[in-house]
file data.cif (mmCIF, C-alpha atoms)
data_work
loop_
_atom_site.label_atom_id
_atom_site.label_comp_id
_atom_site.auth_asym_id
_atom_site.auth_seq_id
_atom_site.Cartn_x
_atom_site.Cartn_y
_atom_site.Cartn_z
CA MET A 1 204.39 164.68 113.41
CA ARG A 2 206.09 162.35 111.01
CA ASN A 3 204.65 158.82 110.72
CA THR A 4 207.40 156.39 111.84
CA HIS A 5 205.34 153.21 111.09
CA THR A 6 205.37 153.40 107.34
CA ILE A 7 205.79 149.95 105.77
CA LYS A 8 208.13 149.84 102.87
CA LYS A 9 206.99 148.08 99.69
CA GLY A 10 209.87 145.55 99.66
CA THR A 11 209.21 144.49 103.23
CA PHE A 12 205.55 143.83 102.44
CA LEU A 13 206.46 141.62 99.48
CA LYS A 14 208.95 139.58 101.56
CA SER A 15 206.32 138.98 104.21
CA ARG A 16 203.87 137.69 101.60
CA THR A 17 206.48 135.33 100.11
CA ASN A 18 207.25 133.96 103.56
CA LYS A 19 203.57 133.23 104.14
CA LEU A 20 203.38 131.31 100.89
CA ILE A 21 206.46 129.26 101.77
CA ALA A 22 205.08 128.52 105.24
CA THR A 23 201.78 127.39 103.76
CA LEU A 24 203.53 125.11 101.30
CA ILE A 25 205.64 123.54 104.03
CA ALA A 26 202.55 122.97 106.14
CA LEU A 27 200.81 121.28 103.20
CA VAL A 28 203.81 119.02 102.55
CA ILE A 29 203.95 117.96 106.22
CA LEU A 30 200.22 117.26 106.26
CA GLY A 31 200.59 115.20 103.08
CA ILE A 32 203.41 113.09 104.52
CA GLY A 33 201.43 112.55 107.71
CA TYR A 34 198.39 111.42 105.77
CA MET A 35 200.45 109.00 103.70
CA ALA A 36 202.12 107.56 106.82
CA VAL A 37 198.73 106.87 108.41
CA ARG A 38 197.15 105.64 105.23
CA THR A 39 199.87 103.16 104.31
CA ILE A 40 199.98 101.59 107.80
CA ALA A 41 203.58 100.56 108.20
CA SER A 42 203.88 99.87 104.53
CA SER A 43 205.58 101.88 101.81
CA PHE A 44 204.34 104.93 99.95
CA LEU A 45 203.93 102.88 96.83
CA PHE A 46 202.24 99.83 98.30
CA PHE A 47 199.26 99.69 100.59
CA THR A 48 198.38 96.70 102.76
CA GLU A 49 196.73 95.76 106.02
CA ALA A 50 198.77 93.72 108.50
CA GLU A 51 196.15 91.00 108.67
CA GLN A 52 196.31 90.51 104.89
CA GLY A 53 199.80 89.04 105.16
CA PRO A 54 200.77 85.61 106.46
CA VAL A 55 200.67 85.29 110.26
CA SER A 56 202.88 83.02 112.33
CA ASP A 57 201.71 80.30 114.72
CA ASN A 58 201.58 82.63 117.70
CA ALA A 59 199.19 85.08 116.02
CA VAL A 60 195.61 84.98 114.80
CA ILE A 61 193.42 87.34 112.79
CA VAL A 62 190.46 88.65 114.77
CA ASN A 63 187.49 90.90 114.04
CA ASP A 64 187.98 94.34 115.52
CA ALA A 65 185.52 97.13 114.71
CA THR A 66 188.01 99.75 115.82
CA ALA A 67 190.72 98.53 113.44
CA SER A 68 191.13 99.69 109.88
CA GLY A 69 189.36 97.22 107.62
CA GLY A 70 187.55 95.71 110.62
CA LYS A 71 190.22 93.13 111.32
CA ALA A 72 193.40 93.02 113.37
CA VAL A 73 196.25 90.68 114.24
CA HIS A 74 196.06 89.31 117.77
CA PHE A 75 199.19 87.82 119.29
CA LYS A 76 198.62 84.84 121.57
CA GLU A 77 200.37 84.22 124.87
CA PRO A 78 203.66 82.37 124.65
CA SER A 79 203.29 78.64 124.15
CA PRO A 80 203.60 76.60 127.37
CA THR A 81 206.18 74.54 125.56
CA THR A 82 208.67 77.34 125.14
CA PRO A 83 212.06 75.86 126.01
CA PRO A 84 213.36 76.99 129.39
CA PRO A 85 216.76 78.57 129.83
CA PRO A 86 219.53 76.27 131.06
CA THR A 87 220.53 76.46 134.69
CA SER A 88 224.09 76.48 135.92
CA GLY A 89 225.46 73.54 137.87
CA ARG A 90 224.96 69.82 137.48
CA PRO A 91 221.43 68.65 138.25
CA ASN A 92 221.07 66.72 141.50
CA SER A 93 218.43 65.89 144.08
CA ALA A 94 218.73 69.32 145.64
CA ASN A 95 218.00 71.37 142.52
CA THR A 96 215.49 69.16 140.72
CA GLY A 97 212.12 67.67 141.55
CA VAL A 98 209.95 68.66 144.47
CA ASP A 99 210.81 69.92 147.92
CA PRO A 100 210.87 66.63 149.92
CA ASN A 101 209.49 68.37 152.99
CA LYS A 102 206.42 69.54 151.18
CA THR A 103 203.18 67.60 151.71
CA LEU A 104 201.16 67.47 148.54
CA PRO A 105 197.44 66.73 148.23
CA LYS A 106 196.57 63.42 146.60
CA TYR A 107 195.44 63.56 143.02
CA THR A 108 191.95 62.09 142.79
CA GLY A 109 191.24 62.45 139.09
CA SER A 110 191.09 59.71 136.51
CA ALA A 111 194.17 57.54 136.45
CA TYR A 112 193.94 56.79 132.78
CA ASN A 113 192.69 59.80 130.94
CA ASN A 114 193.84 63.22 132.00
CA SER A 115 192.98 65.20 128.94
CA SER A 116 193.46 68.47 127.22
CA ASN A 117 195.15 71.74 127.93
CA ILE A 118 195.28 71.81 131.69
CA THR A 119 197.92 72.61 134.27
CA LEU A 120 198.32 70.39 137.30
CA ASP A 121 200.43 71.96 140.01
CA GLY A 122 201.57 70.54 143.33
CA LEU A 123 199.85 67.13 143.39
CA ASP A 124 200.75 63.67 144.66
CA PHE A 125 199.89 61.08 142.02
CA PRO A 126 199.52 57.69 143.72
CA ALA A 127 200.74 54.45 142.24
CA VAL A 128 198.41 53.01 139.66
CA GLY A 129 199.78 49.51 139.88
CA VAL A 130 202.89 47.43 139.48
CA ASP A 131 204.60 48.42 136.23
CA THR A 132 201.53 50.43 135.29
CA PRO A 133 202.11 54.11 134.65
CA LEU A 134 199.59 56.86 134.89
CA ARG A 135 198.37 57.58 131.40
CA ALA A 136 197.80 61.05 130.07
CA THR A 137 196.05 61.08 126.72
CA MET A 138 195.60 64.45 125.10
CA MET B 1 199.21 69.47 129.43
CA THR B 2 201.49 70.98 132.00
CA ILE B 3 202.41 69.20 135.23
CA ARG B 4 204.72 70.83 137.74
CA ASN B 5 205.83 70.49 141.35
CA SER B 6 204.21 67.08 141.66
CA LYS B 7 205.10 63.54 142.66
CA PHE B 8 204.46 60.38 140.69
CA ALA B 9 204.65 57.01 142.40
CA SER B 10 204.49 54.72 139.37
CA GLY B 11 205.56 56.64 136.31
CA ILE B 12 203.60 58.46 133.66
CA LEU B 13 202.95 57.81 129.98
CA PHE B 14 201.99 60.67 127.69
CA ASN B 15 200.14 59.95 124.50
CA GLY B 16 199.49 63.31 122.89
CA ASP B 17 201.01 66.67 122.07
CA ASN B 18 202.23 69.77 123.90
CA VAL B 19 203.56 68.29 127.11
CA ARG B 20 205.40 70.27 129.74
CA LEU B 21 206.85 68.64 132.86
CA GLU B 22 208.79 70.74 135.33
CA ASN B 23 210.08 70.22 138.84
CA ASN B 24 208.45 66.85 139.38
CA ASP B 25 209.64 63.85 141.37
CA ILE B 26 208.93 60.83 139.19
CA VAL B 27 209.41 57.27 140.35
CA ASP B 28 209.50 54.60 137.62
CA GLY B 29 210.07 56.86 134.65
CA ILE B 30 208.21 58.75 131.99
CA SER B 31 207.25 57.86 128.44
CA LEU B 32 206.41 60.00 125.45
CA SER B 33 204.50 58.13 122.75
CA GLY B 34 203.78 59.97 119.52
CA THR B 35 204.21 63.33 121.18
CA ALA B 36 204.75 66.48 119.17
CA THR B 37 206.41 69.17 121.27
CA ALA B 38 207.47 68.48 124.82
CA VAL B 39 209.57 70.29 127.40
CA ILE B 40 210.94 68.29 130.31
CA ASP B 41 212.78 70.49 132.78
CA ARG B 42 214.24 70.14 136.30
CA ASN B 43 212.65 66.80 137.14
CA GLU B 44 214.15 64.10 139.28
CA ILE B 45 213.44 60.74 137.67
CA ARG B 46 214.51 57.78 139.74
CA ASP B 47 214.04 54.19 140.80
CA TYR B 48 212.85 52.96 137.44
CA GLY B 49 212.66 49.36 136.36
CA ALA B 50 213.00 49.76 132.58
CA ASP B 51 213.88 53.26 131.32
CA GLY B 52 214.05 56.56 133.12
CA MET B 53 212.75 58.22 130.00
CA HIS B 54 211.32 56.38 127.02
CA ILE B 55 210.68 58.30 123.82
CA THR B 56 208.97 56.35 121.08
CA SER B 57 207.28 57.03 117.78
CA ASP B 58 205.29 53.82 118.02
CA SER B 59 201.98 55.71 117.89
CA GLY B 60 203.06 58.62 115.66
CA GLN B 61 206.08 60.79 115.06
CA VAL B 62 207.65 62.25 118.18
CA SER B 63 209.08 65.67 117.41
CA ASN B 64 210.44 68.82 118.99
CA VAL B 65 211.42 67.46 122.40
CA THR B 66 213.53 69.57 124.75
CA VAL B 67 215.01 67.95 127.85
CA THR B 68 216.90 70.24 130.22
CA ASN B 69 218.30 70.23 133.74
CA ASN B 70 216.94 66.83 134.79
CA PHE B 71 218.48 64.32 137.18
CA ILE B 72 217.86 60.74 136.09
CA ARG B 73 219.26 58.17 138.46
CA SER B 74 219.10 54.89 140.32
CA PRO B 75 217.64 52.24 138.01
CA ILE B 76 216.19 49.17 139.67
CA PRO B 77 216.18 46.73 136.77
CA GLU B 78 214.39 43.45 136.89
CA PRO B 79 216.12 40.23 135.82
CA GLY B 80 216.62 40.25 132.06
CA ALA B 81 216.01 43.96 131.74
CA HIS B 82 218.17 46.23 129.63
CA ALA B 83 217.49 49.43 131.47
CA ASP B 84 218.45 52.78 129.97
CA GLY B 85 218.55 56.20 131.51
CA VAL B 86 216.97 57.40 128.28
CA GLN B 87 215.89 55.23 125.38
CA VAL B 88 214.90 56.89 122.13
CA ARG B 89 213.06 54.90 119.48
CA GLY B 90 212.15 57.41 116.83
CA VAL B 91 212.25 61.19 117.06
CA ASN B 92 212.70 64.19 114.82
CA GLY B 93 214.17 67.04 116.87
CA LEU B 94 215.51 66.15 120.29
CA THR B 95 217.66 68.45 122.41
CA PHE B 96 219.27 67.33 125.65
CA THR B 97 220.99 70.11 127.57
CA ASN B 98 222.56 70.09 131.02
CA ASN B 99 221.07 66.85 132.29
CA ALA B 100 222.73 64.40 134.67
CA ILE B 101 221.96 60.79 133.84
CA ASP B 102 223.65 58.42 136.21
CA MET B 103 223.01 54.68 136.06
CA GLY B 104 225.46 54.10 138.89
CA VAL B 105 228.06 51.40 139.07
CA TRP B 106 227.73 48.33 136.92
CA LYS B 107 225.59 45.55 138.31
CA GLN B 108 223.95 42.35 137.25
CA VAL B 109 220.58 41.01 138.32
CA ALA B 110 220.16 37.27 138.81
CA GLY B 111 223.50 36.75 137.13
CA GLN B 112 222.55 38.65 133.98
CA ASP B 113 223.47 42.05 132.61
CA ALA B 114 220.61 44.42 133.34
CA LEU B 115 221.91 47.85 132.38
CA ASN B 116 222.22 49.05 128.80
CA ALA B 117 223.16 52.74 128.50
CA ALA B 118 222.69 56.17 130.02
CA ILE B 119 221.37 57.26 126.62
CA PHE B 120 220.44 54.79 123.90
CA LEU B 121 219.54 56.23 120.51
CA GLU B 122 218.00 53.26 118.77
CA ASP B 123 217.12 53.19 115.10
CA ALA B 124 213.46 52.24 115.33
CA ASN B 125 210.02 53.57 114.41
CA GLY B 126 211.30 55.76 111.59
CA GLY B 127 214.65 56.55 113.17
CA ASN B 128 216.17 59.50 114.95
CA SER B 129 217.11 62.79 113.34
CA ASN B 130 218.19 66.25 114.44
CA ILE B 131 219.59 65.20 117.79
CA THR B 132 221.63 67.51 120.03
CA LEU B 133 223.32 66.47 123.26
CA ASN B 134 224.99 69.44 124.87
CA GLY B 135 226.62 69.76 128.28
CA ASN B 136 225.24 66.60 129.85
CA TYR B 137 226.80 64.36 132.48
CA LEU B 138 226.37 60.73 131.49
CA ASN B 139 227.42 57.71 133.48
CA GLY B 140 226.84 53.98 133.75
CA GLY B 141 225.49 51.12 131.72
CA GLY B 142 227.23 48.67 129.41
CA TYR B 143 228.14 51.58 127.16
CA ILE B 144 227.42 55.02 128.53
CA LEU B 145 226.20 56.39 125.21
CA ARG B 146 224.90 54.31 122.32
CA ILE B 147 224.54 56.13 119.02
CA GLY B 148 222.59 54.81 116.07
CA VAL B 149 222.14 55.95 112.50
CA GLY B 150 220.25 59.14 111.70
CA PRO B 151 220.98 62.51 110.15
CA ASN B 152 222.24 65.61 111.90
CA GLN B 153 223.45 64.46 115.28
CA GLN B 154 225.42 66.89 117.44
CA TYR B 155 227.46 65.98 120.52
CA ILE B 156 228.96 68.95 122.34
CA ASN B 157 230.66 69.37 125.71
CA ASN B 158 229.28 66.22 127.30
CA ARG B 159 231.09 64.72 130.29
CA PHE B 160 231.30 60.99 130.82
CA GLY B 161 231.57 59.21 134.13
CA PRO B 162 233.73 56.19 134.91
CA ASP B 163 231.12 53.43 134.98
CA GLY B 164 230.71 52.21 131.41
CA ARG B 165 231.13 48.45 131.75
CA TYR B 166 232.22 47.72 128.15
CA GLY B 167 233.14 51.19 126.94
CA VAL B 168 232.19 54.84 126.85
CA VAL B 169 230.51 55.28 123.46
CA HIS B 170 229.11 52.65 121.12
CA ASN B 171 228.74 54.37 117.79
CA ILE B 172 227.16 52.76 114.74
CA ALA B 173 226.14 56.00 113.04
CA LYS B 174 226.91 56.25 109.35
CA PRO B 175 229.57 58.65 108.06
CA GLY B 176 228.10 62.13 107.95
CA ASN B 177 225.37 61.43 110.49
CA ILE B 178 227.29 63.22 113.23
CA THR B 179 227.59 66.82 112.14
CA VAL B 180 229.12 68.25 115.31
CA ASN B 181 231.37 66.39 117.73
CA SER B 182 233.46 68.51 120.09
CA GLY B 183 234.37 69.05 123.71
CA ASN B 184 233.29 65.61 124.93
CA VAL B 185 235.51 64.46 127.78
CA MET B 186 235.84 62.05 130.66
CA ASP B 187 234.60 63.86 133.72
CA LEU B 188 237.34 62.77 136.10
CA THR B 189 240.32 63.35 133.86
CA ASN B 190 239.17 65.77 131.16
CA GLN B 191 240.56 63.32 128.61
CA PRO B 192 238.82 63.76 125.25
CA VAL B 193 236.27 61.16 124.28
CA THR B 194 236.42 60.55 120.56
CA PHE B 195 233.88 58.67 118.54
#

call {"tool": "encode", "arguments": {"input": "data.cif", "output": "structure tokens"}}
result
Amino acid sequence: MRNTHTIKKGTFLKSRTNKLIATLIALVILGIGYMAVRTIASSFLFFTEAEQGPVSDNAVIVNDATASGGKAVHFKEPSPTTPPPPTSGRPNSANTGVDPNKTLPKYTGSAYNNSSNITLDGLDFPAVGVDTPLRATM
Amino acid sequence: MTIRNSKFASGILFNGDNVRLENNDIVDGISLSGTATAVIDRNEIRDYGADGMHITSDSGQVSNVTVTNNFIRSPIPEPGAHADGVQVRGVNGLTFTNNAIDMGVWKQVAGQDALNAAIFLEDANGGNSNITLNGNYLNGGGYILRIGVGPNQQYINNRFGPDGRYGVVHNIAKPGNITVNSGNVMDLTNQPVTF
């Protein structure tokens, strides 16, 4: 019986060339991947860590053992003084201030020195005296 | 410090930085003294004897103040007072947007003028710079708006009520101080207010 599975010489050579090309492509892709990881959002010609650059007021550099170089940039929560968006309509007693039907607990803290970064929510601050405002010194 | 949804019976004076006041009912006004960065939003400020809001650099530079959506009304001046809805005596960076400041109809106390202006920008304590008034309703006082010298002042789309006793705007800014001036009108007639 005649062997029908004979491999021709030319076919064998083509297959070998294709393998070489495939290997080269794989190596190029691996190289690009390595460079992308290594340069960390930088360019191929310049290497830097994010925390080595200047950071804005809402970010700080922290120690992080899991980060490259042992440090990372940590973004803080938005400042409590972020300007609010404007509302529509002219302000009046109905859309400003406190609900007049709401009973608020009396504030019993110091009348003259309410310090630091605290939030006071839903309190009734009693009168301090005639022409004497509450004083908040931070 | 942040204070919200609260009532004040005799005013509050802040002496420090990073203030946020929102949705409060404040009798007898608020003061910022030497404050860097403040946001004052959706408060009703009423029944004040001197100023509804007093901003002063007497104890340090006030800067970066944003005032939005507040209702400032009903002064109760004492004899000899010159009450303002808002008096500013030194600030660098002040933005007023969509506030209603209504001093009401003209009145005297004990036979003397007692109301000054809805907003009074006074050249004191280092002066005022980088001021923006945008989309506010202003009414009442001798003059409704008093403008002093200081660089980069912008007045945009403000509406003026009918109750300025001596005039609408008293402007003593120097040429070039006001960098934007557009869309300011009388509220009842839409007539342009030029200054």

call {"tool": "closest_residue", "arguments": {"input": "data.cif", "among": "B:Asn158, B:Gly126, B:Gly90, B:Asp113", "to": "chain A", "atoms": "only C-alpha atoms"}}
result
B:Asn158

call {"tool": "interface_residues", "arguments": {"input": "data.cif", "of": "chain B", "to": "chain A", "cutoff": "8 Å", "atoms": "only C-alpha atoms", "output": "MDAnalysis selection string"}}
result
chainID B and resid 1:20 22:26 28 37:39 41:44 66 68:71 97:100 137

call {"tool": "resolve_selection", "arguments": {"input": "data.cif", "expression": "the PyMOL selection byres ((chain B and resi 105) around 10)", "output": "short mmCIF file (atom, residue, chain, number, x, y, z; two decimals) with C-alpha atoms, in the coordinates of the input"}}
result
data_model
loop_
_atom_site.label_atom_id
_atom_site.label_comp_id
_atom_site.auth_asym_id
_atom_site.auth_seq_id
_atom_site.Cartn_x
_atom_site.Cartn_y
_atom_site.Cartn_z
CA SER B 74 219.10 54.89 140.32
CA ASP B 102 223.65 58.42 136.21
CA MET B 103 223.01 54.68 136.06
CA GLY B 104 225.46 54.10 138.89
CA TRP B 106 227.73 48.33 136.92
CA LYS B 107 225.59 45.55 138.31
CA LEU B 115 221.91 47.85 132.38
CA ASN B 139 227.42 57.71 133.48
CA GLY B 140 226.84 53.98 133.75
CA GLY B 141 225.49 51.12 131.72
CA GLY B 161 231.57 59.21 134.13
CA PRO B 162 233.73 56.19 134.91
CA ASP B 163 231.12 53.43 134.98
CA GLY B 164 230.71 52.21 131.41
CA ARG B 165 231.13 48.45 131.75
#

call {"tool": "atom_distance", "arguments": {"input": "data.cif", "atom1": "CA of Glu122 in chain B", "atom2": "CA of Pro175 in chain B"}}
result
16.7 Å

call {"tool": "resolve_selection", "arguments": {"input": "data.cif", "expression": "the PyMOL selection byres ((chain B and resi 54) around 7)", "output": "list in words"}}
result
Ile30, Ser31, Leu32, Asp51, Gly52, Met53, Ile55, Thr56, Val86, Gln87 and Val88 of chain B

call {"tool": "residues_around", "arguments": {"input": "data.cif", "residues": "Pro77 in chain B", "least_positions_apart": "5", "cutoff": "10 Å", "atoms": "only C-alpha atoms", "output": "list in words"}}
result
Asp47, Tyr48, Gly49, Ala50, Asp51, His82, Ala83, Asp84, Lys107, Gln108, Val109, Asp113, Ala114 and Leu115 of chain B

call {"tool": "atom_distance", "arguments": {"input": "data.cif", "atom1": "CA of Gly148 in chain B", "atom2": "CA of Val180 in chain B"}}
result
15.0 Å

call {"tool": "atom_distance", "arguments": {"input": "data.cif", "atom1": "CA of Phe96 in chain B", "atom2": "CA of Tyr166 in chain B"}}
result
23.6 Å
